[in-house]
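Source file target-v5.txt; content: compact mmCIF, C-alpha atoms.
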```
# COMPACT_ATOMS: atom_id res chain seq x y z
CA MET A 1 -50.54 -111.64 35.92
CA ARG A 2 -47.82 -111.55 33.26
CA PRO A 3 -46.04 -108.29 32.47
CA GLY A 4 -47.35 -108.55 28.89
CA ASN A 5 -50.86 -107.85 30.15
CA VAL A 6 -50.00 -104.48 31.62
CA ALA A 7 -51.07 -102.38 28.67
CA ALA A 8 -54.35 -104.21 28.32
CA VAL A 9 -55.28 -103.95 31.98
CA ARG A 10 -54.13 -100.50 32.89
CA PRO A 11 -56.71 -98.22 31.17
CA SER A 12 -59.77 -100.04 32.49
CA VAL A 13 -58.79 -100.35 36.15
CA VAL A 14 -57.14 -97.03 36.97
CA THR A 15 -59.47 -95.16 39.28
CA PRO A 16 -59.15 -91.59 40.48
CA THR A 17 -60.03 -92.49 44.07
CA GLN A 18 -57.62 -94.19 46.44
CA PRO A 19 -58.35 -97.94 46.74
CA THR A 20 -59.19 -99.16 50.22
CA VAL A 21 -56.92 -101.44 52.18
CA GLU A 22 -59.53 -104.22 51.77
CA GLN A 23 -59.48 -103.74 48.01
CA SER A 24 -55.69 -103.98 48.02
CA TRP A 25 -55.86 -107.26 49.98
CA ASP A 26 -58.27 -108.61 47.35
CA TRP A 27 -55.82 -107.72 44.60
CA LEU A 28 -52.97 -109.36 46.51
CA ARG A 29 -55.07 -112.52 46.76
CA GLU A 30 -54.66 -112.78 42.99
CA VAL A 31 -50.85 -112.66 43.09
CA PRO A 32 -49.57 -116.23 42.77
CA ASP A 33 -46.56 -117.57 44.60
CA PRO A 34 -43.84 -117.81 41.91
CA GLU A 35 -42.75 -121.34 42.95
CA ILE A 36 -46.19 -122.79 43.73
CA PRO A 37 -48.56 -120.82 41.51
CA VAL A 38 -51.73 -122.57 42.75
CA ILE A 39 -51.65 -120.53 45.93
CA SER A 40 -51.47 -116.79 46.36
CA VAL A 41 -48.96 -114.83 48.38
CA VAL A 42 -51.81 -114.11 50.83
CA ASP A 43 -52.67 -117.84 51.18
CA LEU A 44 -49.02 -118.48 51.88
CA GLY A 45 -49.22 -116.05 54.81
CA ILE A 46 -46.28 -113.91 53.78
CA VAL A 47 -48.24 -110.65 53.40
CA ARG A 48 -48.39 -109.47 57.00
CA ASP A 49 -49.81 -106.00 56.69
CA VAL A 50 -51.25 -103.54 54.17
CA ARG A 51 -51.72 -99.92 55.15
CA TRP A 52 -51.78 -96.37 53.80
CA GLU A 53 -49.15 -94.07 55.27
CA ARG A 54 -49.28 -90.30 55.11
CA GLU A 55 -46.09 -88.81 53.71
CA ALA A 56 -45.06 -85.30 52.69
CA ALA A 57 -45.84 -86.05 49.05
CA GLY A 58 -49.20 -87.67 49.83
CA GLU A 59 -50.43 -91.11 50.81
CA ARG A 60 -48.33 -94.21 50.18
CA LEU A 61 -49.45 -97.83 50.31
CA VAL A 62 -47.09 -99.92 52.45
CA VAL A 63 -47.16 -103.70 52.04
CA THR A 64 -45.29 -105.68 54.69
CA VAL A 65 -43.89 -108.99 53.46
CA THR A 66 -42.11 -111.63 55.52
CA PRO A 67 -39.72 -114.05 53.80
CA THR A 68 -40.41 -117.78 54.08
CA TYR A 69 -36.83 -119.07 54.33
CA SER A 70 -33.74 -116.87 54.83
CA GLY A 71 -32.24 -117.89 51.52
CA CYS A 72 -35.40 -118.39 49.48
CA PRO A 73 -34.66 -116.92 46.04
CA ALA A 74 -38.39 -116.38 45.45
CA THR A 75 -38.50 -113.60 48.05
CA SER A 76 -37.29 -110.86 45.72
CA VAL A 77 -39.51 -112.17 42.90
CA ILE A 78 -42.52 -112.04 45.23
CA SER A 79 -41.83 -108.42 46.17
CA SER A 80 -41.54 -107.44 42.54
CA ASP A 81 -44.73 -109.40 41.61
CA ILE A 82 -46.64 -107.60 44.38
CA LYS A 83 -45.35 -104.26 43.17
CA THR A 84 -46.30 -105.01 39.57
CA ALA A 85 -49.78 -106.21 40.49
CA LEU A 86 -50.58 -103.10 42.51
CA GLN A 87 -49.07 -100.75 39.96
CA GLN A 88 -51.27 -102.34 37.33
CA ARG A 89 -54.21 -101.33 39.48
CA GLY A 90 -52.99 -97.76 39.45
CA ILE A 91 -51.18 -97.63 42.79
CA ASP A 92 -47.86 -95.94 42.11
CA ALA A 93 -47.09 -94.58 45.58
CA LEU A 94 -46.05 -97.93 46.95
CA ARG A 95 -43.44 -99.37 49.29
CA ILE A 96 -42.66 -103.01 50.07
CA GLU A 97 -41.36 -103.47 53.58
CA THR A 98 -39.56 -106.66 54.62
CA ARG A 99 -40.10 -107.86 58.16
CA ILE A 100 -38.41 -110.94 59.63
CA SER A 101 -39.97 -110.88 63.09
CA PRO A 102 -42.04 -112.75 64.05
CA PRO A 103 -40.55 -115.30 61.64
CA TRP A 104 -42.81 -116.83 58.99
CA THR A 105 -44.53 -120.02 60.01
CA THR A 106 -46.54 -122.52 58.01
CA ASP A 107 -49.30 -121.98 60.62
CA TRP A 108 -50.08 -118.80 58.68
CA MET A 109 -51.06 -120.71 55.53
CA SER A 110 -54.78 -120.41 54.86
CA GLU A 111 -57.18 -123.38 54.84
CA ALA A 112 -58.15 -122.60 51.26
CA GLY A 113 -54.47 -122.53 50.32
CA ARG A 114 -53.88 -125.91 51.97
CA GLN A 115 -56.78 -127.41 50.06
CA ARG A 116 -55.48 -126.06 46.74
CA LEU A 117 -52.03 -127.49 47.50
CA ARG A 118 -53.57 -130.92 48.05
CA GLU A 119 -55.44 -130.70 44.74
CA PHE A 120 -52.19 -129.69 43.07
CA GLY A 121 -50.43 -132.79 44.45
CA ILE A 122 -48.47 -131.17 47.28
CA ALA A 123 -49.12 -132.33 50.85
CA PRO A 124 -49.72 -129.33 53.15
CA PRO A 125 -47.97 -129.10 56.55
CA VAL A 126 -49.53 -131.36 59.19
CA HIS A 127 -47.72 -130.27 62.34
CA THR A 128 -48.07 -126.93 63.97
CA ALA A 129 -44.99 -124.75 64.25
CA GLY A 130 -42.56 -125.65 66.98
CA ALA A 131 -43.23 -129.37 66.56
CA ILE A 132 -39.64 -130.02 65.49
CA PHE A 133 -37.40 -130.85 68.43
CA PRO A 134 -34.14 -131.97 66.85
CA LEU A 135 -32.48 -132.60 70.21
CA LYS A 136 -35.11 -135.13 71.28
CA GLN A 137 -35.57 -138.66 69.97
CA LEU A 138 -35.57 -138.04 66.27
CA SER A 139 -38.12 -140.45 64.94
CA SER A 140 -40.79 -139.99 67.61
CA SER A 141 -41.93 -136.58 66.38
CA ARG A 142 -42.77 -137.89 62.94
CA ILE A 143 -46.42 -138.41 62.21
CA PRO A 144 -47.64 -139.86 58.91
CA ILE A 145 -47.96 -137.52 55.96
CA GLU A 146 -50.96 -138.33 53.77
CA CYS A 147 -50.44 -138.85 50.06
CA PRO A 148 -52.14 -135.94 48.23
CA HIS A 149 -52.92 -138.26 45.29
CA CYS A 150 -54.66 -141.23 46.94
CA GLY A 151 -55.01 -140.18 50.60
CA SER A 152 -53.02 -143.11 51.95
CA ALA A 153 -51.05 -142.56 55.14
CA ASN A 154 -48.64 -145.30 54.09
CA THR A 155 -45.94 -142.95 52.86
CA ALA A 156 -42.17 -142.67 53.26
CA ARG A 157 -39.89 -139.70 53.44
CA VAL A 158 -37.30 -139.72 50.67
CA SER A 159 -35.48 -136.58 51.76
CA GLU A 160 -35.97 -133.81 54.31
CA PHE A 161 -35.31 -131.27 51.56
CA GLY A 162 -36.96 -130.98 48.17
CA SER A 163 -37.09 -128.83 45.06
CA THR A 164 -37.52 -125.62 47.08
CA PRO A 165 -36.39 -124.79 50.64
CA CYS A 166 -39.92 -125.18 52.01
CA LYS A 167 -40.52 -128.73 50.74
CA ALA A 168 -39.52 -132.29 51.63
CA GLN A 169 -39.74 -135.25 49.25
CA TYR A 170 -42.04 -138.17 49.99
CA GLN A 171 -43.27 -141.25 48.19
CA CYS A 172 -46.56 -143.09 48.60
CA ARG A 173 -46.14 -146.80 49.28
CA ASP A 174 -49.65 -147.54 48.01
CA CYS A 175 -50.05 -145.60 44.77
CA LEU A 176 -46.23 -145.32 44.43
CA GLU A 177 -46.41 -141.68 43.36
CA PRO A 178 -43.69 -139.35 44.59
CA PHE A 179 -44.93 -136.08 46.07
CA ASP A 180 -43.75 -132.88 47.75
CA TYR A 181 -44.62 -132.04 51.34
CA ILE A 182 -44.51 -128.51 52.76
CA LYS A 183 -42.51 -128.81 55.97
CA CYS A 184 -43.91 -127.19 59.03
CA ILE A 185 -41.67 -124.45 60.27
CA MET B 1 -7.92 -110.19 71.34
CA LYS B 2 -8.96 -106.56 71.67
CA ALA B 3 -11.66 -105.38 69.35
CA ASP B 4 -12.80 -101.78 68.87
CA ASN B 5 -16.25 -102.92 67.98
CA PRO B 6 -17.07 -106.25 69.65
CA LEU B 7 -20.59 -106.41 68.21
CA LEU B 8 -19.19 -106.11 64.68
CA GLU B 9 -16.73 -108.92 65.40
CA TYR B 10 -19.48 -111.04 66.86
CA LEU B 11 -21.77 -110.54 63.86
CA LEU B 12 -18.94 -111.33 61.43
CA ARG B 13 -18.37 -114.61 63.29
CA LEU B 14 -22.03 -115.53 63.03
CA GLY B 15 -22.27 -114.48 59.39
CA ASP B 16 -18.97 -115.95 58.23
CA ASN B 17 -19.78 -119.37 59.71
CA CYS B 18 -22.94 -119.44 57.60
CA LEU B 19 -21.40 -118.00 54.45
CA ILE B 20 -18.29 -120.20 54.41
CA LEU B 21 -20.07 -123.44 55.31
CA GLY B 22 -22.85 -122.57 52.86
CA HIS B 23 -20.28 -122.09 50.12
CA ARG B 24 -18.54 -125.34 51.00
CA LEU B 25 -21.84 -127.21 50.72
CA SER B 26 -22.59 -125.58 47.38
CA GLU B 27 -19.44 -127.26 46.03
CA TRP B 28 -21.35 -130.55 46.14
CA VAL B 29 -23.80 -129.37 43.51
CA GLY B 30 -23.19 -131.51 40.46
CA HIS B 31 -21.21 -134.08 42.47
CA ALA B 32 -23.59 -135.51 45.09
CA PRO B 33 -24.12 -139.29 45.21
CA ALA B 34 -27.89 -139.04 44.54
CA ILE B 35 -30.22 -136.36 43.21
CA GLU B 36 -32.17 -136.20 46.49
CA GLU B 37 -28.98 -135.56 48.41
CA GLU B 38 -27.86 -132.97 45.92
CA LEU B 39 -31.11 -131.09 46.44
CA ALA B 40 -30.86 -131.43 50.20
CA ILE B 41 -27.27 -130.18 50.34
CA ALA B 42 -28.14 -127.28 48.04
CA ASN B 43 -31.09 -126.37 50.25
CA VAL B 44 -29.01 -126.37 53.42
CA ALA B 45 -26.41 -124.27 51.60
CA LEU B 46 -29.13 -121.85 50.54
CA ASP B 47 -30.47 -121.52 54.09
CA LEU B 48 -26.99 -120.87 55.43
CA ILE B 49 -26.09 -118.33 52.75
CA GLY B 50 -29.42 -116.58 53.42
CA GLN B 51 -28.67 -116.49 57.13
CA GLY B 52 -25.13 -115.30 56.39
CA ARG B 53 -26.63 -112.49 54.37
CA LEU B 54 -28.86 -111.40 57.27
CA TRP B 55 -25.93 -111.40 59.72
CA LEU B 56 -23.54 -109.63 57.37
CA THR B 57 -26.12 -106.99 56.46
CA LEU B 58 -26.46 -106.28 60.16
CA ALA B 59 -22.67 -106.30 60.56
CA GLY B 60 -22.37 -103.69 57.83
CA GLN B 61 -24.97 -101.50 59.55
CA VAL B 62 -23.24 -101.83 62.91
CA GLU B 63 -19.89 -100.96 61.35
CA GLY B 64 -21.42 -97.88 59.70
CA LYS B 65 -18.76 -97.52 56.99
CA GLY B 66 -20.92 -98.21 54.00
CA ARG B 67 -20.03 -101.90 53.59
CA ASP B 68 -23.06 -104.00 52.71
CA GLU B 69 -23.28 -107.79 52.85
CA ASP B 70 -21.85 -108.18 49.34
CA LYS B 71 -18.81 -106.05 50.07
CA LEU B 72 -18.21 -108.02 53.26
CA ALA B 73 -18.56 -111.35 51.47
CA TYR B 74 -16.58 -110.60 48.33
CA LEU B 75 -14.01 -107.98 49.30
CA ARG B 76 -12.41 -109.27 52.49
CA ASP B 77 -9.30 -111.43 52.46
CA ALA B 78 -8.81 -114.61 54.49
CA GLY B 79 -7.36 -112.87 57.55
CA GLU B 80 -10.50 -110.76 57.88
CA PHE B 81 -12.85 -113.75 57.99
CA ARG B 82 -14.06 -114.82 61.42
CA ASN B 83 -15.59 -118.26 60.80
CA LEU B 84 -14.76 -121.37 62.80
CA LEU B 85 -12.03 -123.59 61.33
CA LEU B 86 -14.61 -126.37 61.17
CA ALA B 87 -16.73 -124.45 58.64
CA GLU B 88 -13.91 -124.12 56.10
CA GLN B 89 -12.70 -127.73 56.17
CA PRO B 90 -12.88 -129.41 52.75
CA ASN B 91 -15.86 -131.57 51.85
CA GLY B 92 -13.86 -134.82 51.69
CA ASP B 93 -16.15 -137.79 51.17
CA PHE B 94 -19.85 -137.77 52.01
CA ALA B 95 -19.14 -138.93 55.57
CA GLN B 96 -16.70 -136.05 56.12
CA THR B 97 -19.30 -133.56 54.89
CA MET B 98 -21.95 -135.06 57.16
CA ALA B 99 -19.71 -135.21 60.23
CA ARG B 100 -18.74 -131.56 59.74
CA GLN B 101 -22.41 -130.66 59.34
CA PHE B 102 -23.46 -132.71 62.36
CA TYR B 103 -20.93 -131.10 64.71
CA PHE B 104 -21.77 -127.66 63.38
CA ASP B 105 -25.57 -128.03 63.29
CA ALA B 106 -25.80 -129.26 66.89
CA TRP B 107 -23.75 -126.27 68.06
CA HIS B 108 -25.45 -123.81 65.70
CA TYR B 109 -28.91 -124.85 66.85
CA LEU B 110 -28.04 -124.47 70.54
CA LEU B 111 -26.33 -121.15 69.87
CA LEU B 112 -29.28 -119.70 67.97
CA ARG B 113 -31.72 -120.84 70.65
CA GLU B 114 -29.68 -118.87 73.20
CA LEU B 115 -29.45 -115.84 70.93
CA THR B 116 -33.23 -115.63 70.59
CA GLN B 117 -33.03 -114.26 74.17
CA CYS B 118 -30.43 -111.64 73.16
CA LYS B 119 -31.02 -108.11 74.47
CA ASP B 120 -30.24 -106.68 71.02
CA ALA B 121 -33.55 -107.21 69.22
CA ARG B 122 -31.89 -107.24 65.78
CA VAL B 123 -29.76 -110.22 66.80
CA ALA B 124 -32.68 -111.99 68.48
CA GLU B 125 -34.84 -111.62 65.35
CA VAL B 126 -32.31 -113.18 62.99
CA ALA B 127 -31.63 -115.96 65.52
CA ALA B 128 -35.35 -116.76 65.82
CA LYS B 129 -35.71 -117.02 62.06
CA ALA B 130 -32.53 -119.03 61.52
CA SER B 131 -33.09 -121.48 64.38
CA LYS B 132 -36.24 -122.82 62.71
CA GLU B 133 -34.28 -123.66 59.59
CA VAL B 134 -31.34 -125.08 61.50
CA ALA B 135 -33.66 -127.47 63.38
CA TYR B 136 -34.14 -129.25 60.03
CA HIS B 137 -30.43 -129.16 59.25
CA LEU B 138 -29.66 -130.86 62.55
CA ARG B 139 -32.34 -133.47 62.09
CA ARG B 140 -30.95 -134.36 58.69
CA SER B 141 -27.24 -134.46 59.64
CA SER B 142 -28.06 -136.50 62.77
CA ASP B 143 -30.00 -138.94 60.58
CA TRP B 144 -27.08 -139.35 58.20
CA VAL B 145 -24.59 -140.00 60.99
CA MET B 146 -26.88 -142.80 62.20
CA ILE B 147 -27.53 -144.20 58.71
CA LEU B 148 -23.85 -144.29 57.75
CA GLY B 149 -22.55 -145.28 61.20
CA ASP B 150 -25.02 -148.11 61.55
CA GLY B 151 -24.80 -149.04 57.87
CA THR B 152 -22.32 -151.20 55.98
CA ASN B 153 -18.78 -151.95 57.13
CA GLU B 154 -17.48 -149.41 54.64
CA SER B 155 -19.89 -146.63 55.64
CA HIS B 156 -19.24 -147.31 59.34
CA LYS B 157 -15.49 -147.11 58.82
CA ARG B 158 -15.72 -143.87 56.87
CA MET B 159 -18.15 -142.25 59.30
CA GLN B 160 -15.95 -143.11 62.29
CA ALA B 161 -12.89 -141.74 60.47
CA ALA B 162 -14.73 -138.50 59.71
CA ILE B 163 -15.99 -138.13 63.28
CA ASP B 164 -12.41 -138.66 64.54
CA ASP B 165 -10.74 -136.36 62.00
CA LEU B 166 -12.98 -133.36 62.59
CA TRP B 167 -13.14 -133.66 66.37
CA THR B 168 -10.09 -131.42 66.79
CA TYR B 169 -12.07 -128.49 65.32
CA THR B 170 -14.95 -128.70 67.79
CA GLY B 171 -13.14 -127.26 70.84
CA GLU B 172 -13.04 -123.79 69.28
CA MET B 173 -16.84 -123.61 69.32
CA PHE B 174 -16.99 -123.34 73.11
CA GLU B 175 -14.13 -120.93 73.80
CA MET B 176 -14.67 -117.44 75.16
CA ASP B 177 -12.43 -114.53 74.24
CA ASP B 178 -12.45 -110.74 74.76
CA VAL B 179 -15.17 -110.22 72.18
CA ASP B 180 -17.49 -112.66 73.94
CA HIS B 181 -16.68 -111.29 77.37
CA ALA B 182 -17.26 -107.68 76.29
CA LEU B 183 -20.69 -108.58 74.89
CA LEU B 184 -21.52 -110.89 77.77
CA SER B 185 -21.40 -107.94 80.15
CA GLN B 186 -23.83 -106.07 77.87
CA GLY B 187 -26.31 -108.96 77.81
CA ILE B 188 -25.78 -109.54 74.09
CA ALA B 189 -23.54 -112.60 74.06
CA PHE B 190 -23.73 -115.50 76.48
CA ASP B 191 -21.25 -117.96 77.90
CA LEU B 192 -20.38 -120.33 75.03
CA ALA B 193 -19.03 -122.88 77.50
CA ARG B 194 -22.66 -123.42 78.53
CA LEU B 195 -23.32 -125.07 75.16
CA ARG B 196 -20.73 -127.78 75.64
CA GLU B 197 -22.76 -130.05 77.88
CA PRO B 198 -26.01 -130.10 75.82
CA TRP B 199 -23.94 -130.35 72.63
CA LEU B 200 -22.02 -133.31 73.96
CA HIS B 201 -25.24 -134.90 75.16
CA HIS B 202 -26.79 -134.77 71.68
CA VAL B 203 -23.60 -135.74 69.85
CA SER B 204 -22.82 -138.71 72.09
CA GLY B 205 -26.45 -139.86 72.00
CA ILE B 206 -26.46 -139.94 68.19
CA LEU B 207 -23.02 -141.56 68.02
CA THR B 208 -24.19 -144.32 70.36
CA GLU B 209 -27.26 -144.91 68.17
CA ALA B 210 -24.93 -144.95 65.19
CA THR B 211 -22.65 -147.59 66.82
CA LEU B 212 -19.81 -145.07 66.64
CA GLU B 213 -17.21 -144.14 69.25
CA LEU B 214 -17.08 -140.68 70.78
CA PRO B 215 -13.54 -139.36 70.20
CA GLN B 216 -11.32 -138.80 73.23
CA PRO B 217 -10.75 -135.22 74.37
CA GLY B 218 -7.51 -133.93 72.90
CA TRP B 219 -5.74 -130.96 71.36
CA ALA B 220 -8.17 -128.42 69.92
CA GLN B 221 -7.30 -126.48 66.78
CA ARG B 222 -8.25 -122.84 67.15
CA GLY B 223 -7.86 -119.47 65.45
CA GLY B 224 -10.65 -119.01 62.93
CA ARG B 225 -12.61 -116.64 65.16
CA ARG B 226 -9.70 -114.19 65.21
CA GLY B 227 -8.76 -114.57 61.56
CA VAL B 228 -6.08 -117.28 61.78
CA HIS B 229 -7.27 -119.86 59.27
CA SER B 230 -6.20 -123.13 57.72
CA GLU B 231 -4.81 -123.03 54.17
CA HIS B 232 -8.18 -124.22 52.89
CA LEU B 233 -9.94 -120.88 53.30
CA GLY B 234 -7.76 -119.09 50.74
CA PHE B 235 -8.69 -121.59 48.03
CA LEU B 236 -12.36 -121.32 48.92
CA LEU B 237 -12.24 -117.52 48.71
CA ALA B 238 -10.34 -117.64 45.42
CA GLU B 239 -13.34 -119.37 43.91
CA MET B 240 -16.09 -117.55 45.80
CA GLN B 241 -14.65 -114.09 45.19
CA PHE B 242 -13.33 -114.64 41.67
CA LEU B 243 -15.91 -112.55 39.84
CA GLN B 244 -15.62 -109.46 42.05
CA ARG B 245 -11.82 -109.68 41.99
CA ALA B 246 -11.58 -110.13 38.22
CA TYR B 247 -14.35 -107.66 37.36
CA PRO B 248 -14.55 -105.19 40.26
CA ASN B 249 -18.04 -103.80 40.95
CA ALA B 250 -19.65 -106.08 38.37
CA THR B 251 -23.43 -106.23 38.81
CA TRP B 252 -26.25 -107.79 36.83
```

Represent the structure from my file as structure tokens, please.
Amino acid sequence: MRPGNVAAVRPSVVTPTQPTVEQSWDWLREVPDPEIPVISVVDLGIVRDVRWEREAAGERLVVTVTPTYSGCPATSVISSDIKTALQQRGIDALRIETRISPPWTTDWMSEAGRQRLREFGIAPPVHTAGAIFPLKQLSSSRIPIECPHCGSANTARVSEFGSTPCKAQYQCRDCLEPFDYIKCI
Amino acid sequence: MKADNPLLEYLLRLGDNCLILGHRLSEWVGHAPAIEEELAIANVALDLIGQGRLWLTLAGQVEGKGRDEDKLAYLRDAGEFRNLLLAEQPNGDFAQTMARQFYFDAWHYLLLRELTQCKDARVAEVAAKASKEVAYHLRRSSDWVMILGDGTNESHKRMQAAIDDLWTYTGEMFEMDDVDHALLSQGIAFDLARLREPWLHHVSGILTEATLELPQPGWAQRGGRRGVHSEHLGFLLAEMQFLQRAYPNATW
């Protein structure tokens, strides 16, 4: 949701009763990842917890977010997008909590999110976390990454790092299209 | 070296390695030989600066004097930095950058794996997060050493020269001093000498694949961990800290 929509949305959705935690999760499912807008921050697996906490001044909604990569510049944008989205729904008593442990893993990405990535032209992670053993024989741990455009497994890695920290660059040897792959971590 | 607060010293070492090497790598942006490599170098730099931020934030908390990660990064002079000499060495050619990265990544990965077992949960948490990222750094730098070593005559020559030139900075990575010993007894640090054998195993394995020679043991340059740096660090800081020095407390 763009900031410009705030005024239009606010009057119709503000409710006098406190939204449930489930309702808040539903709203967070509509917050897109700023770098890969086809998936939500919930699909990405970075929202770890949503809860109401009792404080002296009343109840406060606490959203726990875990960063993807240590240096990912999207992390602060994500926190502010989450804040904006919930404030637009009338939740003003709100705190975003950052948690780094356990560290984010691509295993937490939802199936629906993976499917939407594929449709968008980004190959979702194929390994499970912990599949990278850099001290072992380097090439043996590499299994083919399917091209999200034509489905061919005849693809080549161009670079281990791509346009964002979470992606690698690949190219399909059949349809020749370049594509991004979300590295498993 | 006697330190009043060994944990602070230890965290500055961890953070400064990441910050200084991350900054060095960022100097390639706009100059890399190919767009893919430019992106890759920038991504590794970003990971390292992010990790440096986590360590320095923790260092500031442990110190308890109101210095946050930005103050520690931008308002310390060269003698107060605790990074390895290896991390501050100039980029040189692409082979020099990759050799520096390869030596560092192999050590960094092993170090972080050990620190995930640290008794101080704050240290263990950052190490667990960072080690996942560093696994990719090591895979990439190991790949490049093999590609360039087992490449053309020119790339082989340059890669061997880089491996030889930077070797003298690797000894410092495995040395124990008072800071390490003080934390070792508390179950926070571990014996760095333990990393030498697995490090050497990985490094020599990759060099063999790359048709490169493992350098002979020799004189080790040391000092970075206690603030005695090469002349290169001052120039790096002059650029990295320029804004805060010229416009103190500038924010945006």

Write out as a JSON list (two decimals) with C-alpha atoms, in the frame of the given file every residue belonging to chain B that has an atom at most 6 Å from any atom of chain A, counting all atoms listed in the file.
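The resulting file, iface_16.json, is shown below:
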```
[["chain", "number", "residue", "atom", "x", "y", "z"],
["B", 40, "ALA", "CA", -30.86, -131.43, 50.20],
["B", 43, "ASN", "CA", -31.09, -126.37, 50.25],
["B", 46, "LEU", "CA", -29.13, -121.85, 50.54],
["B", 47, "ASP", "CA", -30.47, -121.52, 54.09],
["B", 50, "GLY", "CA", -29.42, -116.58, 53.42],
["B", 51, "GLN", "CA", -28.67, -116.49, 57.13],
["B", 125, "GLU", "CA", -34.84, -111.62, 65.35],
["B", 129, "LYS", "CA", -35.71, -117.02, 62.06],
["B", 135, "ALA", "CA", -33.66, -127.47, 63.38],
["B", 139, "ARG", "CA", -32.34, -133.47, 62.09]]
```

Quiz item: At what distance in Å, to one decimal, does atom CA of B:Asp143 lie from atom CA of B:Phe104?
Solution: 14.2 Å

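Atom CA of A:Pro37 sits 18.4 Å away from atom CA of A:His149.
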
Quiz prompt | Among the residues A:Val65, A:Ala156, A:Ile145, A:Val31, the one that comes closest to A:Leu86 [using all atoms listed in the file] | solution = A:Val31

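Between B:Pro198 and the residues B:Leu110, B:Ala121, B:Leu14, B:Ala87, the shortest atom-to-atom distance, using all atoms listed in the file, involves B:Leu110.
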
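When atom CA of A:Ile82 is paired with atom CA of B:Val44, their separation reads 27.3 Å.
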
Quiz item: B:Leu166: which residues within 9 Å, counting all atoms listed in the file, same-chain residues fewer than 6 positions away excluded, as a PyMOL selection string?
Solution: chain B and resi 86+89+96+99-100+103

Would you mind listing, for every residue of stretch 64-134 of chain A within 8 Å of stretch 173-179 of chain A, the two atoms forming the shortest contact and the distance between them in Å to one decimal, using all atoms listed in the file, sorted by chain and ascending residue number, as a Markdown table?
```
| residue | atom | partner | partner_atom | distance |
| --- | --- | --- | --- | --- |
| A:Gly121 | CA | A:Phe179 | CA | 6.6 |
| A:Ile122 | CA | A:Phe179 | CA | 6.2 |
| A:Ala123 | CA | A:Phe179 | CA | 7.4 |
```

If you count all atoms listed in the file, which residues fall within 9 Å of stretch 68-70 of chain B, apart from same-chain ones fewer than 2 positions away, as a compact mmCIF listing (two decimals) with C-alpha atoms, in the coordinates of the input?
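Output file selection-v4.txt is given in full below:
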```txt
# COMPACT_ATOMS: atom_id res chain seq x y z
CA GLY B 52 -25.13 -115.30 56.39
CA ARG B 53 -26.63 -112.49 54.37
CA LEU B 54 -28.86 -111.40 57.27
CA TRP B 55 -25.93 -111.40 59.72
CA LEU B 56 -23.54 -109.63 57.37
CA THR B 57 -26.12 -106.99 56.46
CA LEU B 58 -26.46 -106.28 60.16
CA ALA B 59 -22.67 -106.30 60.56
CA GLY B 60 -22.37 -103.69 57.83
CA GLN B 61 -24.97 -101.50 59.55
CA LYS B 65 -18.76 -97.52 56.99
CA GLY B 66 -20.92 -98.21 54.00
CA LEU B 72 -18.21 -108.02 53.26
CA ALA B 73 -18.56 -111.35 51.47
CA TYR B 74 -16.58 -110.60 48.33
CA LEU B 75 -14.01 -107.98 49.30
```
